[in-house]
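**Student:** Pasting final05.cif below, which is mmCIF, C-alpha atoms.
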```
data_data
loop_
_atom_site.label_atom_id
_atom_site.label_comp_id
_atom_site.auth_asym_id
_atom_site.auth_seq_id
_atom_site.Cartn_x
_atom_site.Cartn_y
_atom_site.Cartn_z
CA MET A 295 50.60 -148.43 -71.96
CA SER A 296 54.30 -148.50 -72.82
CA ASN A 297 53.75 -145.51 -75.14
CA ASN A 298 52.35 -143.55 -72.17
CA ARG A 299 55.35 -144.56 -70.04
CA GLU A 300 57.75 -143.48 -72.80
CA ASN A 301 55.97 -140.10 -73.06
CA ILE A 302 56.18 -139.65 -69.29
CA LYS A 303 59.91 -140.52 -69.21
CA GLU A 304 60.54 -138.17 -72.14
CA HIS A 305 58.70 -135.30 -70.47
CA ILE A 306 60.41 -135.90 -67.11
CA GLU A 307 63.77 -135.52 -68.89
CA HIS A 308 62.48 -132.29 -70.46
CA LEU A 309 61.43 -130.97 -67.03
CA LYS A 310 64.91 -131.74 -65.66
CA LYS A 311 66.55 -129.90 -68.56
CA ILE A 312 64.54 -126.74 -67.89
CA GLY A 313 65.34 -126.84 -64.18
CA ILE A 314 62.16 -128.25 -62.66
CA ASP A 315 62.70 -130.61 -59.73
CA THR A 316 61.10 -133.92 -60.70
CA GLU A 317 61.84 -135.55 -57.34
CA SER A 318 59.51 -133.38 -55.26
CA CYS A 319 55.86 -132.42 -55.45
CA PHE A 320 55.26 -129.48 -57.79
CA GLU A 321 52.53 -128.22 -55.44
CA CYS A 322 53.75 -128.75 -51.86
CA GLY A 323 57.41 -129.73 -52.22
CA ASN A 324 57.04 -133.13 -50.51
CA LYS A 325 59.70 -135.60 -51.67
CA LYS A 326 57.80 -138.79 -50.68
CA ASP A 327 55.36 -140.85 -52.75
CA ILE A 328 55.92 -138.93 -56.02
CA GLU A 329 53.48 -139.68 -58.84
CA TYR A 330 53.38 -138.08 -62.27
CA HIS A 331 50.13 -136.34 -63.12
CA HIS A 332 49.08 -135.60 -66.71
CA ILE A 333 48.23 -131.91 -66.98
CA ILE A 334 45.80 -132.75 -69.78
CA PRO A 335 44.42 -136.27 -69.28
CA TYR A 336 46.28 -138.86 -71.33
CA ALA A 337 42.97 -140.08 -72.76
CA TRP A 338 42.49 -136.61 -74.26
CA GLY A 339 45.93 -136.65 -75.85
CA GLY A 340 47.89 -135.06 -72.99
CA ARG A 341 51.61 -135.86 -72.88
CA ARG A 342 53.01 -133.43 -70.31
CA VAL A 343 53.21 -134.38 -66.66
CA ILE A 344 54.07 -132.74 -63.36
CA PRO A 345 55.39 -134.47 -60.24
CA LEU A 346 52.88 -134.57 -57.38
CA CYS A 347 52.92 -136.37 -54.05
CA GLY A 348 50.15 -138.90 -53.47
CA ASN A 349 48.11 -136.43 -51.37
CA CYS A 350 48.23 -133.59 -53.93
CA HIS A 351 47.59 -136.00 -56.79
CA ASN A 352 44.56 -137.34 -54.94
CA MET A 353 43.27 -133.78 -54.35
CA VAL A 354 43.59 -133.00 -58.05
CA HIS A 355 41.46 -135.99 -59.02
CA LYS A 356 39.01 -136.23 -56.11
CA GLY A 357 38.61 -132.51 -55.37
CA ARG A 358 38.42 -131.39 -58.94
CA LYS A 359 35.17 -129.67 -59.85
CA ARG A 360 36.22 -128.14 -63.17
CA ARG A 361 38.78 -129.04 -65.80
CA ASP A 362 40.67 -125.76 -65.44
CA ASN A 363 41.94 -126.82 -61.98
CA HIS A 364 44.77 -128.52 -63.85
CA SER A 365 45.97 -125.25 -65.34
CA GLU A 366 45.50 -123.47 -62.01
CA LEU A 367 47.68 -126.09 -60.34
CA VAL A 368 50.40 -125.66 -62.95
CA LYS A 369 50.24 -121.86 -62.76
CA SER A 370 50.43 -122.02 -58.98
CA GLY A 371 53.47 -124.30 -59.10
CA ILE A 372 55.24 -122.06 -61.62
CA GLN A 373 54.47 -118.95 -59.54
CA ARG A 374 55.84 -120.67 -56.43
CA ALA A 375 59.01 -121.72 -58.28
CA LYS A 376 59.52 -118.16 -59.57
CA ARG A 377 58.87 -116.73 -56.10
CA ASP A 378 61.52 -119.13 -54.75
CA GLY A 379 63.98 -117.74 -57.30
CA LYS A 380 64.03 -120.78 -59.58
CA GLN A 381 64.46 -120.05 -63.25
CA ILE A 382 61.68 -121.50 -65.36
CA GLY A 383 62.80 -122.31 -68.87
CA LYS A 384 65.83 -120.87 -70.62
CA SER A 385 67.11 -117.29 -70.56
CA SER A 386 66.51 -115.07 -73.56
CA GLU A 387 70.24 -115.33 -74.40
CA GLU A 388 70.04 -119.13 -74.39
CA MET A 389 66.89 -119.04 -76.53
CA SER A 390 68.54 -116.66 -79.03
CA SER A 391 71.59 -118.91 -79.22
CA MET A 392 69.41 -121.98 -79.78
CA ARG A 393 67.42 -120.14 -82.46
CA ARG A 394 70.64 -119.09 -84.25
CA LYS A 395 72.00 -122.65 -84.13
CA GLY A 396 68.70 -124.00 -85.48
CA LEU A 397 68.65 -121.51 -88.35
CA GLU A 398 72.29 -122.27 -89.17
CA THR A 399 71.60 -126.01 -89.16
CA ARG A 400 68.57 -125.59 -91.45
CA ARG A 401 70.62 -123.37 -93.80
CA ARG A 402 73.39 -125.99 -93.95
CA MET A 403 70.87 -128.76 -94.63
CA ARG A 404 69.24 -126.68 -97.38
CA ASP A 405 72.67 -125.94 -98.91
CA ASP A 406 73.72 -129.60 -98.77
CA TRP A 407 70.47 -130.64 -100.41
CA ALA A 408 70.83 -128.02 -103.16
CA ILE A 409 74.37 -129.25 -103.91
CA GLU A 410 73.14 -132.85 -104.03
CA ALA A 411 70.26 -131.90 -106.34
CA GLN A 412 72.59 -129.93 -108.64
CA CYS A 413 75.07 -132.84 -108.82
CA LEU A 414 72.31 -135.32 -109.65
CA ASP A 415 70.85 -132.92 -112.21
CA ASP A 416 74.29 -132.61 -113.90
CA LYS A 417 74.73 -136.39 -113.89
CA LEU A 418 71.30 -136.95 -115.48
CA ARG A 419 72.01 -134.22 -118.06
CA LYS A 420 75.23 -136.06 -119.02
CA GLN A 421 73.22 -139.27 -119.36
CA GLY A 422 71.19 -137.62 -122.10
CA LEU A 423 68.12 -136.39 -120.23
CA SER A 424 67.91 -132.97 -121.85
CA THR A 425 64.69 -131.52 -120.43
CA GLN A 426 64.15 -130.60 -116.84
CA LYS A 427 60.86 -132.54 -116.91
CA GLU A 428 62.74 -135.75 -117.85
CA ARG A 429 65.36 -135.20 -115.15
CA VAL A 430 62.71 -134.54 -112.48
CA ALA A 431 60.86 -137.73 -113.48
CA LYS A 432 64.12 -139.71 -113.24
CA MET A 433 64.94 -138.17 -109.84
CA ASN A 434 61.53 -139.24 -108.55
CA GLU A 435 62.05 -142.71 -110.04
CA LEU A 436 65.38 -142.93 -108.19
CA GLY A 437 63.67 -141.90 -104.94
CA PHE A 438 65.45 -138.57 -104.61
CA THR A 439 63.17 -136.30 -102.56
CA THR A 440 63.04 -132.72 -101.40
CA ILE A 441 64.50 -131.83 -98.03
CA ASN A 442 60.98 -132.35 -96.60
CA GLY A 443 60.69 -135.83 -98.11
CA ASN A 444 58.31 -134.83 -100.91
CA GLN A 445 58.66 -135.76 -104.57
CA ILE A 446 60.78 -133.44 -106.67
CA THR A 447 58.94 -130.95 -108.86
CA GLN A 448 60.35 -128.78 -111.61
CA SER A 449 59.89 -125.79 -109.33
CA ALA A 450 61.82 -127.48 -106.47
CA LEU A 451 64.66 -128.38 -108.83
CA SER A 452 64.78 -124.82 -110.21
CA LYS A 453 65.00 -123.45 -106.66
CA ALA A 454 67.76 -125.95 -105.80
CA ILE A 455 69.76 -124.91 -108.87
CA SER A 456 69.32 -121.21 -107.97
CA ARG A 457 70.42 -121.99 -104.41
CA TYR A 458 73.46 -123.86 -105.75
CA LYS A 459 74.44 -120.85 -107.88
CA PHE A 460 74.05 -118.60 -104.82
CA ILE A 461 76.32 -120.96 -102.83
CA GLU A 462 78.91 -120.87 -105.62
CA ARG A 463 78.90 -117.05 -105.62
CA ARG A 464 79.18 -116.97 -101.82
CA MET A 465 82.13 -119.40 -101.92
CA ALA A 466 83.87 -117.29 -104.58
CA LEU A 467 83.98 -114.26 -102.29
#
```
Can you give me the file's structure in the form of structure tokens?
**Tutor:**
Amino acid sequence: MSNNRENIKEHIEHLKKIGIDTESCFECGNKKDIEYHHIIPYAWGGRRVIPLCGNCHNMVHKGRKRRDNHSELVKSGIQRAKRDGKQIGKSSEEMSSMRRKGLETRRRMRDDWAIEAQCLDDKLRKQGLSTQKERVAKMNELGFTTINGNQITQSALSKAISRYKFIERRMAL
């Protein structure tokens, strides 16, 4: 039960961030007796909710003849919000900015990991582990993983070393 409550709280925060009023009914706009309705039933794995007043929530459950009434209700609410001039979601400029920041963050993480892998590879080489296979085995023994948390392979180490060399060349410019 607490997991469901956490999911609801998390999604309510998400709705607020994208500009959806969580204090009034998504269908009729009533601000009294707000309940949070799972768009897809929680028992079926649904996590997203919409705010509905008690009357609208009751109509969804008691008056529902087919499952797709949920999606119709959501579509209707979104159409009403758009008609009222409310922005749904982020603008394309905001989305592009977020995408750029995400790509930059992933690139930095990949670069940091490649530098770490190269440094560990150099250290193991100095300790007398001459073959890449030996160094990879030692890295795995030490718990050093790929950026995705997988065990190191010779291929992953080779790619990290190539990435490190690319970073060095980029820094030299």
**Student:** Using the chain letters and numbers from this file, what does the PyMOL selection byres ((chain A and resi 429-445) around 8) select? Give the answer as a list in words.
**Tutor:** Met403, Arg404, Trp407, Leu414, Asp415, Leu418, Arg419, Leu423, Ser424, Thr425, Gln426, Lys427, Glu428, Ile446, Thr447, Gln448, Ala450 and Leu451 of chain A
**Student:** Given the file shown, determine the residues that the PyMOL selection byres ((chain A and resi 305) around 12) selects; report them as a PDB file with C-alpha atoms, keeping the file's coordinate frame.
**Tutor:**
```pdb
ATOM      1  CA  ASN A 298      52.350-143.550 -72.170  1.00  0.00           C
ATOM      2  CA  ARG A 299      55.350-144.560 -70.040  1.00  0.00           C
ATOM      3  CA  GLU A 300      57.750-143.480 -72.800  1.00  0.00           C
ATOM      4  CA  ASN A 301      55.970-140.100 -73.060  1.00  0.00           C
ATOM      5  CA  ILE A 302      56.180-139.650 -69.290  1.00  0.00           C
ATOM      6  CA  LYS A 303      59.910-140.520 -69.210  1.00  0.00           C
ATOM      7  CA  GLU A 304      60.540-138.170 -72.140  1.00  0.00           C
ATOM      8  CA  ILE A 306      60.410-135.900 -67.110  1.00  0.00           C
ATOM      9  CA  GLU A 307      63.770-135.520 -68.890  1.00  0.00           C
ATOM     10  CA  HIS A 308      62.480-132.290 -70.460  1.00  0.00           C
ATOM     11  CA  LEU A 309      61.430-130.970 -67.030  1.00  0.00           C
ATOM     12  CA  LYS A 310      64.910-131.740 -65.660  1.00  0.00           C
ATOM     13  CA  LYS A 311      66.550-129.900 -68.560  1.00  0.00           C
ATOM     14  CA  ILE A 312      64.540-126.740 -67.890  1.00  0.00           C
ATOM     15  CA  ILE A 314      62.160-128.250 -62.660  1.00  0.00           C
ATOM     16  CA  THR A 316      61.100-133.920 -60.700  1.00  0.00           C
ATOM     17  CA  TYR A 330      53.380-138.080 -62.270  1.00  0.00           C
ATOM     18  CA  HIS A 331      50.130-136.340 -63.120  1.00  0.00           C
ATOM     19  CA  HIS A 332      49.080-135.600 -66.710  1.00  0.00           C
ATOM     20  CA  ILE A 333      48.230-131.910 -66.980  1.00  0.00           C
ATOM     21  CA  GLY A 340      47.890-135.060 -72.990  1.00  0.00           C
ATOM     22  CA  ARG A 341      51.610-135.860 -72.880  1.00  0.00           C
ATOM     23  CA  ARG A 342      53.010-133.430 -70.310  1.00  0.00           C
ATOM     24  CA  VAL A 343      53.210-134.380 -66.660  1.00  0.00           C
ATOM     25  CA  ILE A 344      54.070-132.740 -63.360  1.00  0.00           C
ATOM     26  CA  PRO A 345      55.390-134.470 -60.240  1.00  0.00           C
TER      27      PRO A 345
END
```
**Student:** Edge lengths and centre in Å to one decimal, as lines of an AutoDock Vina configuration file, is what I'm after for the box along x, y and z that holds all listed atoms of region 433-439 of chain A once 8 Å is added on each side.
**Tutor:**
```
center_x = 63.5
center_y = -139.6
center_z = -106.3
size_x = 19.9
size_y = 22.6
size_z = 23.5
```
**Student:** State, in Å with one decimal place, the distance from CA of Ser386 (chain A) to CA of Gly323 (chain A).
**Tutor:** 27.4 Å
**Student:** Tell me which protein, DNA and RNA residues are within 12 Å of Asn352 (chain A), counting only C-alpha atoms, leaving out same-chain ones fewer than 6 positions away, and put them as a PyMOL selection string.
**Tutor:** chain A and resi 327-331+346+358
**Student:** Any chance you could work out the residue set of the PyMOL selection byres ((chain A and resi 322) around 10) here, as a list in words?
**Tutor:**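 Taken over the shown coordinates, the PyMOL selection byres ((chain A and resi 322) around 10) returns Ser318, Cys319, Phe320, Glu321, Gly323, Asn324, Lys325, Leu346, Cys347, Asn349, Cys350, Gly371 and Arg374 of chain A.
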**Student:** Which residue is closest to Asp416 (chain A)? Choose from A:Val354, A:Tyr458, A:Arg402, A:Lys395 and count only C-alpha atoms.
**Tutor:**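 Of the candidates, the smallest distance to Asp416 (chain A) is held by A:Tyr458.
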**Student:** In Å to one decimal, how far is CA of Ile334 (chain A) from CA of Ser390 (chain A)?
**Tutor:**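 Interatomic distance, CA of Ser390 (chain A) to CA of Ile334 (chain A): 29.4 Å.
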**Student:** What is the CA of Ser449 (chain A) to CA of Arg464 (chain A) distance in Å?
**Tutor:**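 The value is 22.5 Å.
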**Student:** Export region 370-431 of chain A from the structure block above, keeping C-alpha atoms, as a compact mmCIF listing (two decimals), in the first residue's frame.
**Tutor:**
```
# COMPACT_ATOMS: atom_id res chain seq x y z
CA SER A 370 -11.03 14.96 -22.83
CA GLY A 371 -9.22 16.58 -19.90
CA ILE A 372 -6.16 17.36 -22.02
CA GLN A 373 -8.33 18.81 -24.81
CA ARG A 374 -10.15 21.00 -22.26
CA ALA A 375 -6.84 22.20 -20.78
CA LYS A 376 -5.51 23.04 -24.26
CA ARG A 377 -8.76 24.80 -25.17
CA ASP A 378 -8.40 26.85 -21.97
CA GLY A 379 -4.92 27.89 -23.10
CA LYS A 380 -2.98 25.78 -20.62
CA GLN A 381 0.31 24.41 -21.85
CA ILE A 382 0.53 20.65 -21.57
CA GLY A 383 4.07 19.44 -21.13
CA LYS A 384 7.20 21.36 -22.03
CA SER A 385 7.84 23.53 -25.08
CA SER A 386 10.00 22.17 -27.89
CA GLU A 387 12.77 24.60 -26.83
CA GLU A 388 12.66 23.25 -23.27
CA MET A 389 12.69 19.67 -24.54
CA SER A 390 15.68 20.40 -26.83
CA SER A 391 17.54 22.00 -23.94
CA MET A 392 16.81 19.03 -21.68
CA ARG A 393 17.92 16.62 -24.42
CA ARG A 394 21.20 18.55 -24.91
CA LYS A 395 21.87 18.58 -21.15
CA GLY A 396 21.17 14.84 -20.96
CA LEU A 397 23.51 14.07 -23.84
CA GLU A 398 26.22 16.27 -22.33
CA THR A 399 25.85 14.56 -18.96
CA ARG A 400 26.07 11.09 -20.54
CA ARG A 401 29.15 12.17 -22.54
CA ARG A 402 30.83 13.47 -19.37
CA MET A 403 30.00 10.25 -17.50
CA ARG A 404 31.38 8.16 -20.38
CA ASP A 405 34.55 10.30 -20.49
CA ASP A 406 35.03 10.06 -16.70
CA TRP A 407 34.60 6.30 -16.84
CA ALA A 408 37.07 5.96 -19.73
CA ILE A 409 39.67 7.98 -17.79
CA GLU A 410 39.10 5.82 -14.71
CA ALA A 411 39.42 2.62 -16.76
CA GLN A 412 42.62 3.87 -18.44
CA CYS A 413 44.16 4.83 -15.07
CA LEU A 414 43.33 1.43 -13.57
CA ASP A 415 44.64 -0.32 -16.68
CA ASP A 416 47.95 1.61 -16.39
CA LYS A 417 48.21 0.78 -12.69
CA LEU A 418 47.63 -2.95 -13.32
CA ARG A 419 50.15 -2.89 -16.19
CA LYS A 420 52.75 -1.42 -13.79
CA GLN A 421 51.93 -4.19 -11.31
CA GLY A 422 53.07 -6.72 -13.88
CA LEU A 423 49.81 -7.79 -15.51
CA SER A 424 51.02 -7.73 -19.10
CA THR A 425 48.05 -9.08 -21.06
CA GLN A 426 44.75 -7.33 -21.43
CA LYS A 427 42.99 -10.57 -20.45
CA GLU A 428 44.84 -10.58 -17.09
CA ARG A 429 44.05 -6.92 -16.45
CA VAL A 430 40.35 -7.41 -17.28
CA ALA A 431 40.17 -10.39 -14.91
```
